[in-house]
file upload04.cif (mmCIF, C-alpha atoms)
data_model
#
loop_
_atom_site.label_atom_id
_atom_site.label_comp_id
_atom_site.auth_asym_id
_atom_site.auth_seq_id
_atom_site.Cartn_x
_atom_site.Cartn_y
_atom_site.Cartn_z
CA MET A 111 8.88 -6.40 -1.96
CA ASN A 112 10.06 -7.98 -5.19
CA PHE A 113 7.03 -10.24 -5.47
CA LEU A 114 4.92 -7.08 -5.71
CA THR A 115 7.12 -4.88 -7.84
CA ALA A 116 8.17 -7.46 -10.43
CA PRO A 117 4.68 -8.20 -11.85
CA LEU A 118 3.74 -4.52 -11.75
CA LEU A 119 6.86 -3.61 -13.67
CA GLN A 120 6.17 -6.39 -16.15
CA PHE A 121 2.69 -5.03 -16.67
CA LEU A 122 4.01 -1.50 -17.24
CA ILE A 123 6.48 -2.77 -19.83
CA PHE A 124 3.70 -4.70 -21.50
CA LEU A 125 1.62 -1.51 -21.68
CA TYR A 126 4.59 0.40 -23.05
CA THR A 127 5.25 -2.08 -25.82
CA THR A 128 1.52 -2.18 -26.72
CA VAL A 129 0.88 1.57 -26.85
CA GLY A 130 4.41 2.45 -27.84
CA ASN A 131 4.38 5.62 -25.78
CA PHE A 132 5.89 6.08 -22.37
CA GLY A 133 3.57 8.79 -21.03
CA LEU A 134 0.47 7.07 -22.36
CA ALA A 135 1.56 3.84 -20.70
CA ILE A 136 1.73 5.60 -17.31
CA ILE A 137 -1.69 7.20 -17.84
CA ILE A 138 -3.31 3.88 -18.78
CA PHE A 139 -1.56 2.15 -15.89
CA THR A 140 -3.01 4.69 -13.43
CA LEU A 141 -6.50 4.41 -14.88
CA ILE A 142 -6.43 0.60 -14.73
CA LEU A 143 -5.21 0.71 -11.12
CA ARG A 144 -8.09 2.96 -10.15
CA LEU A 145 -10.68 0.89 -12.01
CA VAL A 146 -9.43 -2.24 -10.27
CA LEU A 147 -9.72 -0.45 -6.94
CA ALA A 148 -13.22 0.90 -7.64
CA PRO A 149 -15.04 -1.97 -5.85
CA LEU A 150 -13.14 -0.97 -2.71
CA SER A 151 -13.14 2.81 -3.02
CA VAL A 152 -16.74 3.39 -4.12
CA PRO A 153 -18.40 1.85 -1.03
CA ALA A 154 -15.76 3.43 1.22
CA ILE A 155 -16.46 6.95 -0.08
CA LYS A 156 -20.20 6.37 0.12
CA SER A 157 -20.09 5.19 3.72
CA GLN A 158 -17.78 8.06 4.61
CA LYS A 159 -20.37 10.46 3.28
CA LYS A 160 -23.07 8.79 5.35
CA ILE A 161 -20.93 8.99 8.48
CA GLN A 162 -20.37 12.68 7.90
CA SER A 163 -24.09 13.25 7.62
CA LEU A 164 -24.51 11.43 10.93
CA LYS A 165 -21.99 13.65 12.69
CA PRO A 166 -24.55 15.55 14.83
CA GLU A 167 -25.90 12.24 16.13
CA LEU A 168 -22.41 10.92 16.76
CA ASP A 169 -21.54 14.08 18.67
CA ARG A 170 -24.65 13.65 20.79
CA LEU A 171 -23.63 10.07 21.58
CA LYS A 172 -20.18 11.28 22.58
CA LYS A 173 -21.71 13.84 24.91
CA THR A 174 -23.93 11.35 26.68
CA HIS A 175 -21.62 8.31 26.75
CA GLY A 176 -18.22 10.00 26.56
CA HIS A 177 -17.23 8.63 29.95
CA ASP A 178 -17.82 5.01 28.94
CA GLN A 179 -15.76 4.05 25.89
CA LYS A 180 -17.22 0.56 25.55
CA LEU A 181 -20.80 1.75 25.68
CA LEU A 182 -19.99 4.59 23.30
CA GLN A 183 -18.52 2.21 20.75
CA GLN A 184 -21.49 -0.07 21.04
CA GLU A 185 -23.91 2.82 20.54
CA GLN A 186 -21.90 4.00 17.55
CA MET A 187 -22.07 0.55 16.04
CA ASN A 188 -25.82 0.46 16.61
CA LEU A 189 -26.20 3.80 14.88
CA TYR A 190 -24.14 2.61 11.92
CA LYS A 191 -26.13 -0.58 11.71
CA LYS A 192 -29.39 1.36 11.76
CA HIS A 193 -28.21 3.37 8.76
CA ASN A 194 -26.69 0.40 6.97
CA ILE A 195 -23.12 1.59 7.24
CA ASN A 196 -20.16 -0.71 7.57
CA PRO A 197 -17.28 1.59 8.46
CA ALA A 198 -14.89 -1.02 9.75
CA ALA A 199 -12.03 -1.73 7.43
CA GLY A 200 -9.36 -1.95 10.07
CA CYS A 201 -5.69 -1.24 9.92
CA LEU A 202 -4.60 -4.28 7.92
CA PRO A 203 -5.94 -2.86 4.64
CA TYR A 204 -4.36 0.44 5.60
CA ILE A 205 -0.92 -1.08 6.06
CA LEU A 206 -1.31 -3.22 2.94
CA GLN A 207 -2.21 -0.21 0.89
CA PHE A 208 0.74 1.68 2.25
CA VAL A 209 3.03 -1.13 1.11
CA VAL A 210 1.43 -1.06 -2.33
CA LEU A 211 1.91 2.71 -2.40
CA ILE A 212 5.64 2.32 -1.88
CA ALA A 213 5.82 -0.55 -4.35
CA LEU A 214 4.12 1.59 -6.99
CA TYR A 215 6.61 4.36 -6.38
CA GLN A 216 9.51 1.94 -6.75
CA VAL A 217 8.12 0.42 -9.92
CA LEU A 218 7.56 3.78 -11.57
CA ASN A 219 10.94 5.00 -10.47
CA THR A 220 12.70 1.97 -11.94
CA PHE A 221 10.64 2.24 -15.08
CA LEU A 222 11.52 5.92 -15.39
CA THR A 223 15.18 5.87 -14.57
CA SER A 224 16.39 2.85 -16.51
CA ASN A 225 17.00 3.28 -20.21
CA GLU A 226 16.51 -0.36 -20.90
CA ILE A 227 14.53 -3.11 -19.18
CA ASN A 228 14.74 -6.73 -20.34
CA GLY A 229 16.30 -5.63 -23.59
CA ILE A 230 13.49 -3.19 -24.35
CA VAL A 231 14.80 0.30 -24.95
CA ILE A 232 12.54 2.91 -23.41
CA ASN A 233 11.93 6.23 -25.08
CA THR A 234 11.00 8.69 -22.35
CA GLN A 235 9.86 11.59 -24.53
CA PHE A 236 6.29 12.75 -24.08
CA PHE A 237 4.89 16.00 -25.50
CA GLY A 238 8.39 17.39 -25.85
CA MET A 239 9.17 16.57 -22.24
CA ASN A 240 11.65 14.03 -20.95
CA LEU A 241 9.67 12.14 -18.33
CA ALA A 242 12.78 10.67 -16.76
CA GLN A 243 13.99 14.14 -15.77
CA PRO A 244 12.40 16.60 -13.35
CA ASP A 245 9.96 18.96 -15.02
CA GLY A 246 11.85 22.18 -15.67
CA THR A 247 8.76 24.07 -16.80
CA TYR A 248 7.07 23.82 -13.37
CA ILE A 249 3.79 22.97 -15.06
CA LEU A 250 3.45 19.56 -13.41
CA PRO A 251 4.55 20.74 -9.93
CA ILE A 252 2.04 23.61 -9.98
CA LEU A 253 -0.70 21.32 -11.31
CA SER A 254 0.04 18.73 -8.65
CA GLY A 255 -0.12 21.38 -5.90
CA ILE A 256 -3.40 22.88 -7.11
CA THR A 257 -5.14 19.54 -7.63
CA GLN A 258 -3.92 18.36 -4.23
CA LEU A 259 -5.37 21.48 -2.62
CA ILE A 260 -8.74 20.91 -4.29
CA LEU A 261 -8.86 17.28 -3.17
CA SER A 262 -7.79 18.12 0.39
CA VAL A 263 -10.42 20.84 0.76
CA MET A 264 -13.10 18.54 -0.64
CA ILE A 265 -12.57 15.90 2.01
CA LEU A 266 -12.05 18.34 4.85
CA PRO A 267 -14.51 17.29 7.53
CA GLY A 268 -16.30 19.45 10.05
CA VAL A 269 -16.01 22.79 8.30
CA GLU A 270 -19.24 24.20 9.63
CA GLY A 271 -20.51 21.12 11.38
CA HIS A 272 -19.18 21.99 14.79
CA ASP A 273 -21.59 20.60 17.31
CA LEU A 274 -23.62 23.09 19.24
CA ILE A 275 -24.87 20.79 21.94
CA PRO A 276 -24.19 22.39 25.30
CA ASN A 277 -21.92 20.54 27.65
CA ASN A 278 -24.47 20.06 30.39
CA ALA A 279 -23.70 16.58 31.62
CA LYS A 280 -24.80 16.10 35.20
CA SER A 281 -21.68 15.14 37.09
CA LYS A 282 -18.62 17.31 37.12
CA LYS A 283 -16.39 14.37 36.26
CA ILE A 284 -18.24 13.65 33.04
CA GLN A 285 -18.15 17.33 32.19
CA GLN A 286 -14.40 17.37 32.58
CA GLU A 287 -14.02 14.23 30.53
CA ASN A 288 -16.19 15.69 27.80
CA LYS A 289 -14.01 18.75 27.80
CA LYS A 290 -10.89 16.64 27.50
CA GLU A 291 -12.37 14.63 24.66
CA GLU A 292 -13.33 17.88 22.96
CA ASN A 293 -9.80 19.20 23.24
CA VAL A 294 -8.34 16.07 21.69
CA GLN A 295 -10.86 16.27 18.87
CA GLU A 296 -10.14 19.93 18.29
CA MET A 297 -6.43 19.24 18.12
CA ALA A 298 -6.96 16.46 15.59
CA GLU A 299 -9.16 18.74 13.50
CA ALA A 300 -6.61 21.55 13.66
CA MET A 301 -3.90 19.17 12.50
CA GLN A 302 -6.08 17.99 9.64
CA LYS A 303 -6.70 21.59 8.60
CA GLN A 304 -3.00 22.32 8.69
CA MET A 305 -2.42 19.31 6.45
CA VAL A 306 -4.85 20.73 3.91
CA PHE A 307 -2.43 23.54 3.18
CA MET A 308 0.79 21.70 3.95
CA MET A 309 0.22 18.80 1.55
CA PRO A 310 -0.14 20.87 -1.64
CA VAL A 311 3.06 22.74 -0.84
CA VAL A 312 4.98 19.57 -0.03
CA THR A 313 3.60 17.85 -3.15
CA GLY A 314 4.51 20.80 -5.35
CA ILE A 315 8.06 20.97 -4.04
CA ALA A 316 8.51 17.20 -4.29
CA ALA A 317 7.23 17.29 -7.86
CA THR A 318 10.06 19.61 -8.88
CA ARG A 319 12.59 17.03 -7.68
CA PHE A 320 11.11 13.75 -8.89
CA PRO A 321 11.11 12.60 -12.52
CA ALA A 322 8.33 14.28 -14.48
CA GLY A 323 6.70 10.91 -15.16
CA LEU A 324 6.18 10.42 -11.45
CA ALA A 325 4.69 13.90 -11.10
CA MET A 326 2.39 13.10 -14.00
CA TYR A 327 1.27 9.89 -12.32
CA TRP A 328 0.55 11.93 -9.19
CA VAL A 329 -1.49 14.57 -11.06
CA ILE A 330 -3.54 11.97 -12.92
CA SER A 331 -4.26 10.09 -9.70
CA THR A 332 -5.33 13.29 -7.95
CA VAL A 333 -7.62 14.32 -10.79
CA PHE A 334 -9.17 10.85 -10.78
CA SER A 335 -9.68 11.08 -7.02
CA ILE A 336 -11.30 14.51 -7.33
CA GLY A 337 -13.69 13.24 -10.00
CA GLN A 338 -14.57 10.13 -8.02
CA GLN A 339 -15.10 12.11 -4.83
CA TRP A 340 -17.24 14.67 -6.63
CA LEU A 341 -19.44 12.05 -8.28
CA LEU A 342 -20.00 10.00 -5.14
CA SER A 343 -20.00 12.61 -2.42
CA GLY A 344 -20.32 16.04 -3.99
CA PRO A 345 -17.99 19.02 -3.66
CA GLY A 346 -17.86 18.67 0.13
CA GLY A 347 -15.83 21.39 1.82
CA LEU A 348 -15.11 23.02 -1.53
CA THR A 349 -18.40 24.96 -1.50
CA SER A 350 -17.99 26.66 1.84
CA TYR A 351 -14.28 27.31 1.33
CA THR A 352 -14.69 28.94 -2.08
CA LYS A 353 -17.50 31.03 -0.58
CA GLN A 354 -15.22 32.08 2.25
CA ALA A 355 -12.37 32.90 -0.12
CA TYR A 356 -14.75 34.81 -2.40
CA SER A 357 -16.17 36.91 0.40
CA TRP A 358 -12.67 37.55 1.74
CA ILE A 359 -11.51 38.81 -1.65
CA ARG A 360 -14.65 40.91 -2.07
CA HIS A 361 -14.18 42.33 1.38
CA ARG A 362 -10.61 43.20 0.53
CA LEU A 363 -11.57 44.85 -2.75
CA GLY A 364 -14.52 46.60 -1.16
CA TRP A 365 -12.28 47.96 1.52
CA GLN A 366 -9.83 49.25 -1.06
CA ALA A 367 -12.61 50.80 -3.13
CA GLY A 368 -13.96 52.50 -0.04
CA ASN A 369 -10.53 53.84 0.67
CA LYS A 370 -10.25 55.30 -2.78
CA GLU A 371 -13.56 57.07 -2.36
CA PHE A 372 -12.20 58.62 0.77
CA LEU A 373 -9.20 59.91 -1.08
CA MET B 31 12.27 5.32 28.00
CA LYS B 32 8.66 6.23 28.57
CA THR B 33 8.95 9.66 26.98
CA PHE B 34 10.91 8.16 24.08
CA PHE B 35 8.11 5.81 23.07
CA VAL B 36 5.44 8.43 23.64
CA LEU B 37 7.42 10.81 21.44
CA LEU B 38 7.74 8.11 18.79
CA ILE B 39 3.97 7.61 18.75
CA ARG B 40 3.44 11.37 18.69
CA ILE B 41 5.69 11.66 15.63
CA TYR B 42 3.65 8.94 13.96
CA GLN B 43 0.47 10.84 14.84
CA PHE B 44 1.94 13.96 13.31
CA ILE B 45 2.78 12.38 9.95
CA ARG B 46 -0.29 10.16 9.76
CA PRO B 47 -2.50 12.81 8.09
CA GLY B 48 0.17 13.10 5.41
CA ILE B 49 0.07 9.36 4.77
CA ASP B 50 -3.73 9.54 4.71
CA ALA B 51 -3.57 12.29 2.10
CA MET B 52 -1.21 10.21 -0.03
CA GLN B 53 -3.50 7.19 0.19
CA LYS B 54 -6.48 9.35 -0.71
CA THR B 55 -4.64 10.71 -3.73
CA ILE B 56 -3.39 7.44 -5.14
CA PHE B 57 -6.20 5.04 -4.20
CA GLY B 58 -9.15 7.42 -3.86
CA TYR B 59 -10.02 6.39 -0.34
CA VAL B 60 -8.54 5.77 3.07
CA PRO B 61 -9.44 2.62 5.00
CA GLN B 62 -11.05 3.78 8.22
CA CYS B 63 -10.59 2.19 11.59
CA LYS B 64 -13.39 1.12 13.89
CA HIS B 65 -11.54 1.89 17.08
CA SER B 66 -12.14 5.01 19.11
CA PRO B 67 -9.94 6.37 20.67
CA THR B 68 -7.37 5.50 18.03
CA CYS B 69 -4.84 2.77 18.76
CA SER B 70 -2.06 5.32 19.08
CA ASP B 71 -3.97 7.43 21.63
CA TYR B 72 -4.85 4.25 23.48
CA ALA B 73 -1.22 3.12 23.50
CA ILE B 74 -0.05 6.47 24.86
CA SER B 75 -2.56 6.44 27.69
CA CYS B 76 -1.65 2.81 28.48
CA ILE B 77 2.06 3.63 28.58
CA GLU B 78 1.37 6.55 30.89
CA LYS B 79 -0.89 4.48 33.09
CA TYR B 80 0.83 1.07 33.23
CA GLY B 81 4.42 1.76 32.24
CA THR B 82 6.34 1.31 29.01
CA MET B 83 6.44 -2.45 28.49
CA ARG B 84 2.91 -3.22 29.57
CA GLY B 85 1.54 -0.16 27.78
CA LEU B 86 3.26 -1.07 24.53
CA PHE B 87 2.04 -4.65 24.84
CA MET B 88 -1.53 -3.47 25.38
CA GLY B 89 -1.33 -1.14 22.41
CA LEU B 90 0.08 -3.89 20.22
CA ARG B 91 -2.59 -6.30 21.33
CA ARG B 92 -5.24 -3.86 20.26
CA ILE B 93 -3.65 -3.31 16.87
CA LEU B 94 -3.59 -7.07 16.35
CA SER B 95 -7.21 -7.43 17.47
CA CYS B 96 -8.19 -5.20 14.56
CA ARG B 97 -9.23 -6.82 11.34
#
call {"tool": "encode", "arguments": {"input": "upload04.cif", "output": "structure tokens"}}
result
Amino acid sequence: MNFLTAPLLQFLIFLYTTVGNFGLAIIIFTLILRLVLAPLSVPAIKSQKKIQSLKPELDRLKKTHGHDQKLLQQEQMNLYKKHNINPAAGCLPYILQFVVLIALYQVLNTFLTSNEINGIVINTQFFGMNLAQPDGTYILPILSGITQLILSVMILPGVEGHDLIPNNAKSKKIQQENKKEENVQEMAEAMQKQMVFMMPVVTGIAATRFPAGLAMYWVISTVFSIGQQWLLSGPGGLTSYTKQAYSWIRHRLGWQAGNKEFL
Amino acid sequence: MKTFFVLLIRIYQFIRPGIDAMQKTIFGYVPQCKHSPTCSDYAISCIEKYGTMRGLFMGLRRILSCR
């Protein structure tokens, strides 16, 4: 792990000594990280958007070839190829990124909690806040929760796109298998939806415990992700969810108003 | 033994969306896998079908075949 964290920490210290401000150094560090990652994230978000738009066709493929996994995968690949999508990244990048994620956390934590690194004294004040201590004002925790909610809702797949193709496969066995596949998919979707509301709460609570600098890093990253997602893929699930929330509130108010008229 | 490993994979499946969300937040995207069903689902069905050792081996082999 040291081979990863040491250069990152060095870079952070370099930024700190150049800008002379602790909070600014973290902000610039986050922005540079995201700019470096842009060549990876931009195509990934774009292809994800394309795959989402292909969902009806993918569902149809699942219905017809659900019983034959190999054929299904081949047909999926053909569909992707036809639309110039390369979805395959594999799990190695995923694991690598997870390691980097932990390394980043460690680096920031060391940077935040040590008063002095390599003889350089670090001043952790930023806008009247001590970034080495948890944020007592709850501004950063609330911000991190709200931004996390926005991002999660934006990327929520299958809000209204539930497939309406009837399950009319010929043999009973295929029908049953389709049903099973559907159940698994529904469960995965339900779990994803649960996460949408779990994550902001967990993030918010965690942000009250961690040093404020870490919470700030989290908020900046989330805002950057929201902007990137919006630019490349649009508001996504945000539109339909705000509409739903709006109509729910209106319904509630309307009901109350109606009640008052009655009285 | 069998239920232990299946439970372990299930726990992983439960926290995976959380890890995904973290990756999405910090890096802006989540590397997607080409396999369907997912490796973890595949491993569970292999363990249930062929027993713990062979099932785990088959699951591992598929993870390693992924690039």
call {"tool": "closest_atom_pairs", "arguments": {"input": "upload04.cif", "of": "chain A", "to": "chain B", "cutoff": "8 Å", "atoms": "all atoms listed in the file", "output": "tab-separated table"}}
result
residue	atom	partner	partner_atom	distance
A:Arg144	CA	B:Phe57	CA	6.6
A:Leu147	CA	B:Phe57	CA	7.1
A:Ser151	CA	B:Tyr59	CA	5.5
A:Ala154	CA	B:Tyr59	CA	6.6
A:Ile155	CA	B:Tyr59	CA	6.5
A:Gln179	CA	B:Ser66	CA	7.7
A:Gln183	CA	B:Ser66	CA	7.2
A:Pro197	CA	B:Gln62	CA	6.6
A:Ala198	CA	B:Lys64	CA	4.9
A:Ala199	CA	B:Pro61	CA	5.6
A:Gly200	CA	B:Cys63	CA	4.6
A:Cys201	CA	B:Cys63	CA	6.2
A:Leu202	CA	B:Arg97	CA	6.3
A:Pro203	CA	B:Pro61	CA	6.5
A:Tyr204	CA	B:Pro61	CA	5.6
A:Gln207	CA	B:Gln53	CA	7.5
A:Phe208	CA	B:Gln53	CA	7.3
A:Leu211	CA	B:Gln53	CA	7.5
A:Gln258	CA	B:Thr55	CA	7.7
A:Leu261	CA	B:Thr55	CA	7.8
A:Ser262	CA	B:Ala51	CA	7.4
A:Met301	CA	B:Pro47	CA	7.9
A:Gln302	CA	B:Pro47	CA	6.5
A:Met305	CA	B:Pro47	CA	6.7
A:Met309	CA	B:Gly48	CA	6.9
A:Trp328	CA	B:Ile56	CA	7.2
A:Ser331	CA	B:Ile56	CA	5.3
A:Thr332	CA	B:Thr55	CA	5.0
A:Phe334	CA	B:Gly58	CA	7.7
A:Ser335	CA	B:Gly58	CA	4.9
A:Gln338	CA	B:Gly58	CA	7.4
A:Gln339	CA	B:Gly58	CA	7.6
call {"tool": "resolve_selection", "arguments": {"input": "upload04.cif", "expression": "the PyMOL selection byres ((chain A and resi 227) around 12)", "output": "short mmCIF file (atom, residue, chain, number, x, y, z; two decimals) with C-alpha atoms, in the frame of the given file"}}
result
data_model
loop_
_atom_site.label_atom_id
_atom_site.label_comp_id
_atom_site.auth_asym_id
_atom_site.auth_seq_id
_atom_site.Cartn_x
_atom_site.Cartn_y
_atom_site.Cartn_z
CA ALA A 116 8.17 -7.46 -10.43
CA LEU A 119 6.86 -3.61 -13.67
CA GLN A 120 6.17 -6.39 -16.15
CA LEU A 122 4.01 -1.50 -17.24
CA ILE A 123 6.48 -2.77 -19.83
CA PHE A 124 3.70 -4.70 -21.50
CA TYR A 126 4.59 0.40 -23.05
CA THR A 127 5.25 -2.08 -25.82
CA VAL A 217 8.12 0.42 -9.92
CA THR A 220 12.70 1.97 -11.94
CA PHE A 221 10.64 2.24 -15.08
CA LEU A 222 11.52 5.92 -15.39
CA THR A 223 15.18 5.87 -14.57
CA SER A 224 16.39 2.85 -16.51
CA ASN A 225 17.00 3.28 -20.21
CA GLU A 226 16.51 -0.36 -20.90
CA ASN A 228 14.74 -6.73 -20.34
CA GLY A 229 16.30 -5.63 -23.59
CA ILE A 230 13.49 -3.19 -24.35
CA VAL A 231 14.80 0.30 -24.95
CA ILE A 232 12.54 2.91 -23.41
CA ASN A 233 11.93 6.23 -25.08
#
call {"tool": "residues_around", "arguments": {"input": "upload04.cif", "residues": "Ser70 in chain B", "least_positions_apart": "2", "cutoff": "9 Å", "atoms": "only C-alpha atoms", "output": "number ranges by chain"}}
result
B: 39-40, 42-43, 67-68, 72-75, 89
call {"tool": "residues_around", "arguments": {"input": "upload04.cif", "residues": "Asn131 in chain A", "least_positions_apart": "2", "cutoff": "10 Å", "atoms": "all atoms listed in the file", "output": "list in words"}}
result
Leu125, Tyr126, Thr127, Thr128, Val129, Gly133, Leu134, Ala135, Ile136, Ile232, Asn233, Thr234, Gln235 and Phe236 of chain A
call {"tool": "atom_distance", "arguments": {"input": "upload04.cif", "atom1": "CA of Lys289 in chain A", "atom2": "CA of Leu90 in chain B"}}
result
27.7 Å
